[in-house]
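Novice: Okay, so here is input11.pdb, and as you'll see once you scroll down, it has PDB, C-alpha atoms, pLDDT in the B column.
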ATOM      1  CA  MET A   1       7.169 -10.980  -4.799  1.00 48.00           C
ATOM      2  CA  GLY A   2       3.968 -12.928  -4.592  1.00 52.00           C
ATOM      3  CA  ILE A   3       0.277 -12.878  -5.327  1.00 51.00           C
ATOM      4  CA  ALA A   4      -2.460 -14.151  -3.051  1.00 50.00           C
ATOM      5  CA  ASN A   5      -5.645 -15.645  -4.527  1.00 53.00           C
ATOM      6  CA  PHE A   6      -4.221 -15.475  -8.035  1.00 67.00           C
ATOM      7  CA  SER A   7      -7.152 -17.574  -9.246  1.00 76.00           C
ATOM      8  CA  LYS A   8      -9.606 -14.767  -8.489  1.00 90.00           C
ATOM      9  CA  PHE A   9      -7.889 -12.382 -10.905  1.00 92.00           C
ATOM     10  CA  THR A  10      -7.865 -15.122 -13.537  1.00 90.00           C
ATOM     11  CA  GLN A  11     -11.597 -15.533 -12.950  1.00 92.00           C
ATOM     12  CA  PHE A  12     -12.489 -11.829 -13.199  1.00 95.00           C
ATOM     13  CA  LYS A  13      -9.925 -10.158 -15.466  1.00 92.00           C
ATOM     14  CA  ASP A  14     -11.772 -10.877 -18.732  1.00 92.00           C
ATOM     15  CA  LEU A  15     -14.993  -9.455 -17.258  1.00 95.00           C
ATOM     16  CA  ILE A  16     -13.109  -6.294 -16.264  1.00 95.00           C
ATOM     17  CA  LYS A  17     -11.392  -5.977 -19.645  1.00 92.00           C
ATOM     18  CA  ALA A  18     -14.795  -6.329 -21.336  1.00 93.00           C
ATOM     19  CA  LEU A  19     -16.039  -3.149 -19.639  1.00 94.00           C
ATOM     20  CA  PRO A  20     -16.151  -0.013 -21.793  1.00 91.00           C
ATOM     21  CA  ALA A  21     -13.418   2.604 -21.313  1.00 84.00           C
ATOM     22  CA  VAL A  22     -16.056   4.798 -19.655  1.00 89.00           C
ATOM     23  CA  TYR A  23     -18.217   2.801 -17.260  1.00 93.00           C
ATOM     24  CA  THR A  24     -20.758   3.591 -14.561  1.00 94.00           C
ATOM     25  CA  ASP A  25     -20.684   2.709 -10.874  1.00 94.00           C
ATOM     26  CA  GLU A  26     -23.592   0.367 -11.505  1.00 94.00           C
ATOM     27  CA  MET A  27     -21.551  -1.609 -14.039  1.00 95.00           C
ATOM     28  CA  ILE A  28     -18.912  -2.557 -11.486  1.00 96.00           C
ATOM     29  CA  LYS A  29     -21.212  -2.829  -8.474  1.00 96.00           C
ATOM     30  CA  SER A  30     -23.153  -5.514 -10.273  1.00 96.00           C
ATOM     31  CA  GLU A  31     -23.896  -9.188  -9.703  1.00 96.00           C
ATOM     32  CA  GLN A  32     -21.072 -10.306 -11.999  1.00 97.00           C
ATOM     33  CA  PHE A  33     -18.495  -8.797  -9.618  1.00 98.00           C
ATOM     34  CA  LEU A  34     -20.311  -9.597  -6.356  1.00 98.00           C
ATOM     35  CA  LEU A  35     -18.352 -11.947  -4.079  1.00 97.00           C
ATOM     36  CA  GLU A  36     -20.586 -12.115  -1.007  1.00 97.00           C
ATOM     37  CA  ARG A  37     -23.731 -10.500   0.351  1.00 97.00           C
ATOM     38  CA  GLU A  38     -25.375 -10.538   3.765  1.00 96.00           C
ATOM     39  CA  GLU A  39     -28.821  -9.003   3.521  1.00 96.00           C
ATOM     40  CA  LYS A  40     -29.432  -8.899   7.278  1.00 95.00           C
ATOM     41  CA  LYS A  41     -26.271  -6.842   7.911  1.00 96.00           C
ATOM     42  CA  LYS A  42     -26.723  -4.799   4.689  1.00 97.00           C
ATOM     43  CA  LEU A  43     -23.220  -5.825   3.588  1.00 98.00           C
ATOM     44  CA  GLU A  44     -21.886  -6.479   0.093  1.00 98.00           C
ATOM     45  CA  ILE A  45     -18.349  -7.465  -0.912  1.00 98.00           C
ATOM     46  CA  TYR A  46     -17.242  -6.966  -4.521  1.00 98.00           C
ATOM     47  CA  TYR A  47     -14.208  -8.127  -6.416  1.00 97.00           C
ATOM     48  CA  ALA A  48     -11.398  -5.690  -7.180  1.00 96.00           C
ATOM     49  CA  PRO A  49      -7.879  -6.698  -8.271  1.00 95.00           C
ATOM     50  CA  PHE A  50      -5.983  -5.942  -5.059  1.00 94.00           C
ATOM     51  CA  GLU A  51      -4.251  -9.325  -4.671  1.00 92.00           C
ATOM     52  CA  TYR A  52      -0.671  -8.207  -5.262  1.00 92.00           C
ATOM     53  CA  VAL A  53       1.534  -8.891  -2.225  1.00 94.00           C
ATOM     54  CA  ASN A  54       5.026  -7.417  -2.002  1.00 94.00           C
ATOM     55  CA  GLU A  55       6.684 -10.059   0.149  1.00 94.00           C
ATOM     56  CA  ARG A  56       9.943  -8.048   0.363  1.00 94.00           C
ATOM     57  CA  ALA A  57       8.257  -4.929   1.762  1.00 96.00           C
ATOM     58  CA  LYS A  58       9.865  -3.071   4.659  1.00 96.00           C
ATOM     59  CA  VAL A  59       6.660  -1.153   5.399  1.00 98.00           C
ATOM     60  CA  VAL A  60       3.019  -2.277   5.295  1.00 98.00           C
ATOM     61  CA  ILE A  61       0.343   0.445   5.214  1.00 97.00           C
ATOM     62  CA  VAL A  62      -3.092  -0.878   6.174  1.00 97.00           C
ATOM     63  CA  GLY A  63      -6.534   0.614   5.587  1.00 95.00           C
ATOM     64  CA  ILE A  64     -10.005  -0.740   6.345  1.00 95.00           C
ATOM     65  CA  THR A  65     -11.172  -1.646   2.842  1.00 95.00           C
ATOM     66  CA  PRO A  66     -10.806  -0.228  -0.670  1.00 94.00           C
ATOM     67  CA  GLY A  67     -13.587   2.287  -1.334  1.00 92.00           C
ATOM     68  CA  LEU A  68     -15.542   2.805  -4.531  1.00 94.00           C
ATOM     69  CA  HIS A  69     -12.995   5.363  -5.790  1.00 91.00           C
ATOM     70  CA  GLN A  70     -10.101   2.898  -5.362  1.00 92.00           C
ATOM     71  CA  MET A  71     -12.222   0.143  -6.887  1.00 95.00           C
ATOM     72  CA  LYS A  72     -12.826   2.244 -10.007  1.00 95.00           C
ATOM     73  CA  ARG A  73      -9.132   3.145 -10.265  1.00 93.00           C
ATOM     74  CA  SER A  74      -8.212  -0.532 -10.064  1.00 94.00           C
ATOM     75  CA  TYR A  75     -10.636  -1.474 -12.837  1.00 95.00           C
ATOM     76  CA  SER A  76      -9.385   1.365 -15.054  1.00 93.00           C
ATOM     77  CA  THR A  77      -5.790   0.193 -14.575  1.00 92.00           C
ATOM     78  CA  VAL A  78      -6.689  -3.311 -15.760  1.00 93.00           C
ATOM     79  CA  ILE A  79      -8.689  -1.943 -18.726  1.00 92.00           C
ATOM     80  CA  ASN A  80      -5.792   0.290 -19.804  1.00 89.00           C
ATOM     81  CA  ALA A  81      -3.285  -2.542 -19.386  1.00 86.00           C
ATOM     82  CA  ARG A  82      -4.985  -4.574 -22.114  1.00 72.00           C
ATOM     83  CA  TRP A  83      -3.125  -2.455 -24.668  1.00 72.00           C
ATOM     84  CA  HIS A  84       0.256  -3.433 -23.221  1.00 74.00           C
ATOM     85  CA  LEU A  85       2.125  -6.692 -22.936  1.00 58.00           C
ATOM     86  CA  HIS A  86       1.920  -7.003 -19.156  1.00 73.00           C
ATOM     87  CA  SER A  87       1.900 -10.202 -17.157  1.00 86.00           C
ATOM     88  CA  ASP A  88      -0.845 -10.607 -14.566  1.00 89.00           C
ATOM     89  CA  GLU A  89       1.696  -9.869 -11.818  1.00 88.00           C
ATOM     90  CA  GLU A  90       2.730  -6.609 -13.507  1.00 88.00           C
ATOM     91  CA  ILE A  91      -0.904  -5.563 -13.915  1.00 91.00           C
ATOM     92  CA  LEU A  92      -1.693  -6.286 -10.265  1.00 92.00           C
ATOM     93  CA  HIS A  93       1.410  -4.417  -9.121  1.00 88.00           C
ATOM     94  CA  GLU A  94       0.350  -1.448 -11.260  1.00 89.00           C
ATOM     95  CA  VAL A  95      -3.117  -1.580  -9.691  1.00 91.00           C
ATOM     96  CA  LYS A  96      -1.607  -1.220  -6.211  1.00 89.00           C
ATOM     97  CA  LYS A  97       0.602   1.714  -7.277  1.00 85.00           C
ATOM     98  CA  ASN A  98      -2.258   3.528  -9.032  1.00 86.00           C
ATOM     99  CA  SER A  99      -5.096   2.850  -6.628  1.00 86.00           C
ATOM    100  CA  SER A 100      -3.810   2.523  -3.058  1.00 86.00           C
ATOM    101  CA  PHE A 101      -4.954   5.431  -0.878  1.00 84.00           C
ATOM    102  CA  GLU A 102      -5.160   7.480  -4.071  1.00 78.00           C
ATOM    103  CA  GLY A 103      -6.188  11.148  -4.085  1.00 81.00           C
ATOM    104  CA  THR A 104      -6.408  13.472  -1.058  1.00 86.00           C
ATOM    105  CA  MET A 105      -5.902  10.525   1.276  1.00 89.00           C
ATOM    106  CA  ARG A 106      -2.474   9.781  -0.217  1.00 91.00           C
ATOM    107  CA  LYS A 107      -1.455  13.445   0.032  1.00 93.00           C
ATOM    108  CA  ASN A 108      -2.390  13.555   3.739  1.00 95.00           C
ATOM    109  CA  LEU A 109      -0.740  10.188   4.375  1.00 96.00           C
ATOM    110  CA  VAL A 110       2.554  11.267   2.785  1.00 96.00           C
ATOM    111  CA  LYS A 111       2.587  14.564   4.699  1.00 96.00           C
ATOM    112  CA  MET A 112       2.229  12.806   8.052  1.00 97.00           C
ATOM    113  CA  LEU A 113       4.771  10.090   7.251  1.00 98.00           C
ATOM    114  CA  ASP A 114       7.293  12.723   6.167  1.00 98.00           C
ATOM    115  CA  GLU A 115       6.729  14.639   9.414  1.00 98.00           C
ATOM    116  CA  LEU A 116       7.577  11.451  11.293  1.00 98.00           C
ATOM    117  CA  GLY A 117      10.742  11.092   9.227  1.00 98.00           C
ATOM    118  CA  LEU A 118       9.958   7.639   7.836  1.00 98.00           C
ATOM    119  CA  HIS A 119      11.679   8.519   4.552  1.00 98.00           C
ATOM    120  CA  THR A 120      15.009   9.122   6.321  1.00 97.00           C
ATOM    121  CA  TYR A 121      15.020   5.562   7.687  1.00 97.00           C
ATOM    122  CA  LEU A 122      14.218   4.176   4.222  1.00 97.00           C
ATOM    123  CA  ASN A 123      16.810   6.385   2.448  1.00 97.00           C
ATOM    124  CA  ILE A 124      14.273   7.969   0.114  1.00 98.00           C
ATOM    125  CA  SER A 125      13.440  11.641  -0.484  1.00 98.00           C
ATOM    126  CA  SER A 126       9.799  11.442   0.652  1.00 98.00           C
ATOM    127  CA  ALA A 127       7.132   8.886   1.528  1.00 97.00           C
ATOM    128  CA  LEU A 128       5.623   9.857  -1.833  1.00 95.00           C
ATOM    129  CA  ASP A 129       8.362   7.719  -3.436  1.00 95.00           C
ATOM    130  CA  LEU A 130       6.693   4.647  -1.896  1.00 94.00           C
ATOM    131  CA  PHE A 131       3.974   5.030  -4.539  1.00 90.00           C
ATOM    132  CA  ASP A 132       6.480   5.423  -7.377  1.00 88.00           C
ATOM    133  CA  VAL A 133      10.231   4.729  -7.572  1.00 92.00           C
ATOM    134  CA  ALA A 134      10.385   3.106  -4.113  1.00 94.00           C
ATOM    135  CA  SER A 135       7.243   0.967  -4.410  1.00 90.00           C
ATOM    136  CA  HIS A 136       9.450  -2.108  -3.804  1.00 93.00           C
ATOM    137  CA  LEU A 137       9.744  -0.994  -0.162  1.00 96.00           C
ATOM    138  CA  VAL A 138       6.035  -0.913   0.617  1.00 96.00           C
ATOM    139  CA  HIS A 139       3.022  -3.182   0.672  1.00 96.00           C
ATOM    140  CA  THR A 140      -0.316  -1.366   0.710  1.00 95.00           C
ATOM    141  CA  THR A 141      -3.320  -3.350   1.789  1.00 96.00           C
ATOM    142  CA  SER A 142      -6.527  -3.406   3.839  1.00 97.00           C
ATOM    143  CA  VAL A 143      -7.756  -5.615   6.644  1.00 98.00           C
ATOM    144  CA  LEU A 144     -10.675  -6.313   4.292  1.00 98.00           C
ATOM    145  CA  THR A 145      -8.896  -7.029   0.999  1.00 95.00           C
ATOM    146  CA  TYR A 146     -11.869  -6.519  -1.297  1.00 97.00           C
ATOM    147  CA  PRO A 147     -14.264  -3.525  -1.368  1.00 97.00           C
ATOM    148  CA  VAL A 148     -16.954  -3.777   1.299  1.00 98.00           C
ATOM    149  CA  PHE A 149     -20.112  -1.664   1.204  1.00 98.00           C
ATOM    150  CA  TYR A 150     -22.581  -1.161   4.026  1.00 98.00           C
ATOM    151  CA  ASN A 151     -26.063  -0.078   2.968  1.00 97.00           C
ATOM    152  CA  GLY A 152     -24.611   0.804  -0.450  1.00 96.00           C
ATOM    153  CA  LYS A 153     -21.867   3.076   0.906  1.00 96.00           C
ATOM    154  CA  ASN A 154     -18.158   2.545   1.658  1.00 95.00           C
ATOM    155  CA  TYR A 155     -17.820   0.531   4.875  1.00 96.00           C
ATOM    156  CA  ASN A 156     -15.997   2.547   7.556  1.00 93.00           C
ATOM    157  CA  GLY A 157     -15.122  -0.226  10.001  1.00 94.00           C
ATOM    158  CA  THR A 158     -17.589   0.841  12.680  1.00 93.00           C
ATOM    159  CA  THR A 159     -21.104  -0.241  11.681  1.00 95.00           C
ATOM    160  CA  PRO A 160     -21.498  -3.183  11.836  1.00 97.00           C
ATOM    161  CA  ASN A 161     -18.697  -4.040  14.280  1.00 96.00           C
ATOM    162  CA  ILE A 162     -15.794  -5.336  12.220  1.00 97.00           C
ATOM    163  CA  LEU A 163     -14.658  -8.071  14.625  1.00 97.00           C
ATOM    164  CA  LYS A 164     -18.139  -9.108  15.752  1.00 96.00           C
ATOM    165  CA  THR A 165     -19.548  -9.635  12.250  1.00 97.00           C
ATOM    166  CA  GLU A 166     -18.924 -13.180  11.029  1.00 96.00           C
ATOM    167  CA  LEU A 167     -18.701 -12.306   7.322  1.00 97.00           C
ATOM    168  CA  LEU A 168     -16.152  -9.537   7.926  1.00 98.00           C
ATOM    169  CA  LYS A 169     -14.053 -11.487  10.410  1.00 97.00           C
ATOM    170  CA  LYS A 170     -13.913 -14.440   8.012  1.00 97.00           C
ATOM    171  CA  ASN A 171     -12.638 -12.165   5.249  1.00 97.00           C
ATOM    172  CA  ILE A 172      -9.990 -10.680   7.562  1.00 97.00           C
ATOM    173  CA  MET A 173      -8.679 -14.110   8.523  1.00 96.00           C
ATOM    174  CA  GLU A 174      -8.735 -15.556   5.002  1.00 94.00           C
ATOM    175  CA  GLY A 175      -7.263 -12.447   3.379  1.00 94.00           C
ATOM    176  CA  PHE A 176      -5.180 -10.013   5.400  1.00 96.00           C
ATOM    177  CA  ALA A 177      -4.163 -12.384   8.211  1.00 96.00           C
ATOM    178  CA  ALA A 178      -2.853 -14.869   5.643  1.00 92.00           C
ATOM    179  CA  GLU A 179      -0.991 -12.314   3.511  1.00 93.00           C
ATOM    180  CA  ILE A 180       0.737 -10.502   6.411  1.00 95.00           C
ATOM    181  CA  GLY A 181       2.385 -13.794   7.347  1.00 92.00           C
ATOM    182  CA  THR A 182       4.249 -13.843   4.014  1.00 93.00           C
ATOM    183  CA  ILE A 183       6.185 -10.619   4.847  1.00 95.00           C
ATOM    184  CA  GLU A 184       9.093 -10.832   7.273  1.00 92.00           C
ATOM    185  CA  ARG A 185       9.024  -8.404  10.241  1.00 93.00           C
ATOM    186  CA  PRO A 186       7.607  -5.361   8.430  1.00 96.00           C
ATOM    187  CA  LEU A 187       6.797  -2.023  10.052  1.00 97.00           C
ATOM    188  CA  ILE A 188       2.991  -2.003  10.075  1.00 98.00           C
ATOM    189  CA  ILE A 189       1.143   1.315   9.857  1.00 98.00           C
ATOM    190  CA  PRO A 190      -2.603   1.054  10.637  1.00 97.00           C
ATOM    191  CA  LEU A 191      -4.683   3.936   9.332  1.00 96.00           C
ATOM    192  CA  GLY A 192      -7.100   4.857  12.097  1.00 92.00           C
ATOM    193  CA  VAL A 193      -8.593   3.323  15.217  1.00 93.00           C
ATOM    194  CA  ASN A 194     -10.673   0.620  13.534  1.00 95.00           C
ATOM    195  CA  VAL A 195      -7.680  -0.817  11.676  1.00 97.00           C
ATOM    196  CA  THR A 196      -5.644  -0.613  14.887  1.00 96.00           C
ATOM    197  CA  LYS A 197      -8.321  -2.600  16.708  1.00 97.00           C
ATOM    198  CA  VAL A 198      -8.070  -5.408  14.137  1.00 98.00           C
ATOM    199  CA  LEU A 199      -4.250  -5.449  14.231  1.00 98.00           C
ATOM    200  CA  LYS A 200      -4.209  -5.623  18.029  1.00 97.00           C
ATOM    201  CA  TYR A 201      -6.570  -8.589  17.827  1.00 97.00           C
ATOM    202  CA  LEU A 202      -4.352 -10.338  15.259  1.00 97.00           C
ATOM    203  CA  ALA A 203      -1.221  -9.607  17.297  1.00 97.00           C
ATOM    204  CA  GLY A 204      -2.962 -11.255  20.250  1.00 97.00           C
ATOM    205  CA  GLN A 205      -3.488 -14.293  18.010  1.00 95.00           C
ATOM    206  CA  ASP A 206       0.242 -14.294  17.065  1.00 94.00           C
ATOM    207  CA  TYR A 207      -0.281 -13.267  13.439  1.00 94.00           C
ATOM    208  CA  MET A 208       2.143 -10.359  13.918  1.00 94.00           C
ATOM    209  CA  ASP A 209       4.427  -8.732  16.471  1.00 95.00           C
ATOM    210  CA  ALA A 210       2.609  -5.974  18.372  1.00 95.00           C
ATOM    211  CA  ASN A 211       5.934  -4.117  18.749  1.00 94.00           C
ATOM    212  CA  ASN A 212       6.085  -3.607  14.978  1.00 96.00           C
ATOM    213  CA  ILE A 213       2.755  -1.738  14.809  1.00 97.00           C
ATOM    214  CA  LEU A 214       2.905   2.080  14.643  1.00 97.00           C
ATOM    215  CA  LEU A 215       0.149   2.909  17.113  1.00 96.00           C
ATOM    216  CA  GLY A 216      -1.565   6.301  17.096  1.00 95.00           C
ATOM    217  CA  PHE A 217      -1.516   7.031  13.368  1.00 96.00           C
ATOM    218  CA  PRO A 218      -4.800   8.715  12.335  1.00 95.00           C
ATOM    219  CA  HIS A 219      -6.853   7.864   9.294  1.00 92.00           C
ATOM    220  CA  PRO A 220      -5.661  10.220   6.517  1.00 92.00           C
ATOM    221  CA  SER A 221      -9.078  10.715   4.951  1.00 86.00           C
ATOM    222  CA  GLY A 222     -10.067  14.325   4.310  1.00 83.00           C
ATOM    223  CA  GLY A 223     -13.293  13.444   6.101  1.00 82.00           C
ATOM    224  CA  ASN A 224     -11.432  12.784   9.355  1.00 81.00           C
ATOM    225  CA  GLY A 225     -11.596  16.228  10.935  1.00 83.00           C
ATOM    226  CA  HIS A 226      -9.748  15.030  14.040  1.00 88.00           C
ATOM    227  CA  ARG A 227      -6.644  13.786  12.214  1.00 92.00           C
ATOM    228  CA  HIS A 228      -4.510  16.884  12.907  1.00 93.00           C
ATOM    229  CA  LYS A 229      -5.273  16.762  16.633  1.00 95.00           C
ATOM    230  CA  GLN A 230      -4.721  12.981  16.782  1.00 95.00           C
ATOM    231  CA  PHE A 231      -1.444  13.242  14.881  1.00 96.00           C
ATOM    232  CA  ALA A 232      -0.130  16.059  17.079  1.00 97.00           C
ATOM    233  CA  ALA A 233      -1.037  14.151  20.255  1.00 97.00           C
ATOM    234  CA  ASN A 234       0.747  10.970  19.134  1.00 97.00           C
ATOM    235  CA  LYS A 235       3.594  12.406  17.036  1.00 97.00           C
ATOM    236  CA  GLU A 236       6.447  12.118  19.544  1.00 97.00           C
ATOM    237  CA  GLN A 237       5.384   8.635  20.639  1.00 97.00           C
ATOM    238  CA  MET A 238       5.320   7.489  16.981  1.00 98.00           C
ATOM    239  CA  LYS A 239       8.735   9.040  16.265  1.00 98.00           C
ATOM    240  CA  MET A 240      10.179   7.133  19.226  1.00 97.00           C
ATOM    241  CA  MET A 241       8.579   3.911  17.992  1.00 97.00           C
ATOM    242  CA  LEU A 242      10.125   4.385  14.517  1.00 97.00           C
ATOM    243  CA  GLN A 243      13.546   5.016  16.025  1.00 96.00           C
ATOM    244  CA  HIS A 244      13.255   1.894  18.187  1.00 95.00           C
ATOM    245  CA  TYR A 245      11.943  -0.260  15.322  1.00 96.00           C
ATOM    246  CA  PHE A 246      14.644   0.687  12.822  1.00 95.00           C
ATOM    247  CA  SER A 247      17.489   0.449  15.347  1.00 93.00           C
ATOM    248  CA  LYS A 248      16.235  -3.046  16.168  1.00 83.00           C
ATOM    249  CA  GLU A 249      16.014  -3.964  12.484  1.00 75.00           C
ATOM    250  CA  MET A 250      19.601  -2.837  11.898  1.00 68.00           C
ATOM    251  CA  THR A 251      20.687  -5.112  14.724  1.00 64.00           C
ATOM    252  CA  VAL A 252      18.669  -8.061  13.387  1.00 59.00           C
ATOM    253  CA  GLY A 253      19.581  -7.765   9.751  1.00 53.00           C
TER     254      GLY A 253
END
Is it possible to express this structure as structure tokens?
Specialist:
Amino acid sequence: MGIANFSKFTQFKDLIKALPAVYTDEMIKSEQFLLEREEKKKLEIYYAPFEYVNERAKVVIVGITPGLHQMKRSYSTVINARWHLHSDEEILHEVKKNSSFEGTMRKNLVKMLDELGLHTYLNISSALDLFDVASHLVHTTSVLTYPVFYNGKNYNGTTPNILKTELLKKNIMEGFAAEIGTIERPLIIPLGVNVTKVLKYLAGQDYMDANNILLGFPHPSGGNGHRHKQFAANKEQMKMMLQHYFSKEMTVG
């Protein structure tokens, strides 16, 4: 197991723990947690404790960026952990389990992964186990590690263009591109077209093997009204990719 940018959590954890048990959005989207801002592009990047990296993961599930809901869940996990004797690594691992793709998004994600049969290759009962008893098998992350907001709202990867915006591209290369290199030959599941675009770019730069990316997986957000159609159109292709990937992995290791 490993943690990237451990120093950032050390820097911010006391500020998080000092928050009241019930806090407002304004309290966490404040200057004390602001990492970077670009006024011209209307972008703000805030700190949230998503540094935990599971270097032994078999599967990596990748979103665009943690949203405000995930950010709040992560802060609450740290605040609640102050009553327990947890190491920083344990706290950060708990943050990932509690906050990653939490809510309706996780429910939709699990349903689609189970339809593809991912759990059968991993010898677990359901993809839901990846967020509980089988969390050692998965690394959940985002191409933009920390919460990014455009014009005050969750950034969706489209406006401004994720690969043509210097601030965003810098964060991708310093964060996600560095952390993915610490995990050996994982199956990589990009959630949606904008994440896929970034992963294809990184594969072209030799940060990962393009053959290990599950192409065609839709974003599981409840707001993505096209996800059922996208999933149905790509389902058989994705099932074939999983079969090929895991047969290859059995041969390798």
Novice: Check which residues satisfy the PyMOL selection byres ((chain A and resi 12) around 9) in the file shown, then give them as a PDB file with C-alpha atoms, keeping the file's coordinate frame.
Specialist:
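Below is the file that was written, expr-v8.pdb:
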ATOM      1  CA  SER A   7      -7.152 -17.574  -9.246  1.00 76.00           C
ATOM      2  CA  LYS A   8      -9.606 -14.767  -8.489  1.00 90.00           C
ATOM      3  CA  PHE A   9      -7.889 -12.382 -10.905  1.00 92.00           C
ATOM      4  CA  THR A  10      -7.865 -15.122 -13.537  1.00 90.00           C
ATOM      5  CA  GLN A  11     -11.597 -15.533 -12.950  1.00 92.00           C
ATOM      6  CA  LYS A  13      -9.925 -10.158 -15.466  1.00 92.00           C
ATOM      7  CA  ASP A  14     -11.772 -10.877 -18.732  1.00 92.00           C
ATOM      8  CA  LEU A  15     -14.993  -9.455 -17.258  1.00 95.00           C
ATOM      9  CA  ILE A  16     -13.109  -6.294 -16.264  1.00 95.00           C
ATOM     10  CA  LYS A  17     -11.392  -5.977 -19.645  1.00 92.00           C
ATOM     11  CA  GLN A  32     -21.072 -10.306 -11.999  1.00 97.00           C
ATOM     12  CA  PHE A  33     -18.495  -8.797  -9.618  1.00 98.00           C
ATOM     13  CA  TYR A  47     -14.208  -8.127  -6.416  1.00 97.00           C
ATOM     14  CA  ALA A  48     -11.398  -5.690  -7.180  1.00 96.00           C
ATOM     15  CA  PRO A  49      -7.879  -6.698  -8.271  1.00 95.00           C
TER      16      PRO A  49
END
Novice: Taking the file as shown, find all residues satisfying the PyMOL selection byres ((chain A and resi 202-209) around 9) and write them as a list in words.
Specialist: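 So the PyMOL selection byres ((chain A and resi 202-209) around 9), applied here, picks out Met173, Ala177, Ala178, Ile180, Gly181, Arg185, Lys197, Val198, Leu199, Lys200, Tyr201, Ala210, Asn211, Asn212 and Ile213 of chain A.
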Novice: Could you expand the PyMOL selection byres ((chain A and resi 112) around 12) into the explicit residues it covers here, written as a PDB file with C-alpha atoms, in the frame of the given file?
Specialist:
ATOM      1  CA  MET A 105      -5.902  10.525   1.276  1.00 89.00           C
ATOM      2  CA  ARG A 106      -2.474   9.781  -0.217  1.00 91.00           C
ATOM      3  CA  LYS A 107      -1.455  13.445   0.032  1.00 93.00           C
ATOM      4  CA  ASN A 108      -2.390  13.555   3.739  1.00 95.00           C
ATOM      5  CA  LEU A 109      -0.740  10.188   4.375  1.00 96.00           C
ATOM      6  CA  VAL A 110       2.554  11.267   2.785  1.00 96.00           C
ATOM      7  CA  LYS A 111       2.587  14.564   4.699  1.00 96.00           C
ATOM      8  CA  LEU A 113       4.771  10.090   7.251  1.00 98.00           C
ATOM      9  CA  ASP A 114       7.293  12.723   6.167  1.00 98.00           C
ATOM     10  CA  GLU A 115       6.729  14.639   9.414  1.00 98.00           C
ATOM     11  CA  LEU A 116       7.577  11.451  11.293  1.00 98.00           C
ATOM     12  CA  GLY A 117      10.742  11.092   9.227  1.00 98.00           C
ATOM     13  CA  LEU A 118       9.958   7.639   7.836  1.00 98.00           C
ATOM     14  CA  HIS A 119      11.679   8.519   4.552  1.00 98.00           C
ATOM     15  CA  SER A 126       9.799  11.442   0.652  1.00 98.00           C
ATOM     16  CA  ALA A 127       7.132   8.886   1.528  1.00 97.00           C
ATOM     17  CA  LEU A 128       5.623   9.857  -1.833  1.00 95.00           C
ATOM     18  CA  ILE A 189       1.143   1.315   9.857  1.00 98.00           C
ATOM     19  CA  LEU A 191      -4.683   3.936   9.332  1.00 96.00           C
ATOM     20  CA  GLY A 216      -1.565   6.301  17.096  1.00 95.00           C
ATOM     21  CA  PHE A 217      -1.516   7.031  13.368  1.00 96.00           C
ATOM     22  CA  PRO A 218      -4.800   8.715  12.335  1.00 95.00           C
ATOM     23  CA  HIS A 219      -6.853   7.864   9.294  1.00 92.00           C
ATOM     24  CA  PRO A 220      -5.661  10.220   6.517  1.00 92.00           C
ATOM     25  CA  SER A 221      -9.078  10.715   4.951  1.00 86.00           C
ATOM     26  CA  ARG A 227      -6.644  13.786  12.214  1.00 92.00           C
ATOM     27  CA  HIS A 228      -4.510  16.884  12.907  1.00 93.00           C
ATOM     28  CA  GLN A 230      -4.721  12.981  16.782  1.00 95.00           C
ATOM     29  CA  PHE A 231      -1.444  13.242  14.881  1.00 96.00           C
ATOM     30  CA  ALA A 232      -0.130  16.059  17.079  1.00 97.00           C
ATOM     31  CA  ASN A 234       0.747  10.970  19.134  1.00 97.00           C
ATOM     32  CA  LYS A 235       3.594  12.406  17.036  1.00 97.00           C
ATOM     33  CA  MET A 238       5.320   7.489  16.981  1.00 98.00           C
ATOM     34  CA  LYS A 239       8.735   9.040  16.265  1.00 98.00           C
TER      35      LYS A 239
END
Novice: Go ahead and compute the interatomic distance for atom CA of Thr145 of chain A and atom CA of Ile91 of chain A, in Å to one decimal.
Specialist: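 So the answer is 17.0 Å.
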Novice: May I ask which of the residues A:Glu236, A:Asp132, A:Glu44, A:Glu102 is the closest one to Asn154 of chain A, counting all atoms listed in the file?
Specialist: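 Looking only at the distances to Asn154 of chain A, the closest residue turns out to be A:Glu44.
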Novice: At a cut-off of 8 Å, using all atoms listed in the file, what residues contact Pro147 of chain A? Leave out same-chain residues fewer than 3 positions from it and give the result as number ranges by chain.
Specialist: A: 45-48, 65-68, 71, 144, 154
Novice: Identify which of the residues A:Thr165, A:Ser142, A:Thr196, A:Asn171 lies closest to Tyr52 of chain A, counting all atoms listed in the file when measuring atom-to-atom distances.
Specialist: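 With all atoms listed in the file as the atom set, the closest residue is A:Ser142.
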Novice: Between atom CA of Glu31 of chain A and atom CA of Asp88 of chain A, measure the distance and give it in Å to one decimal.
Specialist: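 Taking atom CA of Glu31 of chain A and atom CA of Asp88 of chain A, their separation equals 23.6 Å.
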Novice: Select, from A:Lys58, A:Lys170, A:Lys97, A:His139, the residue with the minimum atom-to-atom distance to Thr77 of chain A, counting all atoms listed in the file.
Specialist: A:Lys97
Novice: Please, what distance in Å, to one decimal, runs between atom CA of His226 of chain A and atom CA of Phe101 of chain A?
Specialist: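 About the pair atom CA of His226 of chain A and atom CA of Phe101 of chain A: they are 18.4 Å apart.
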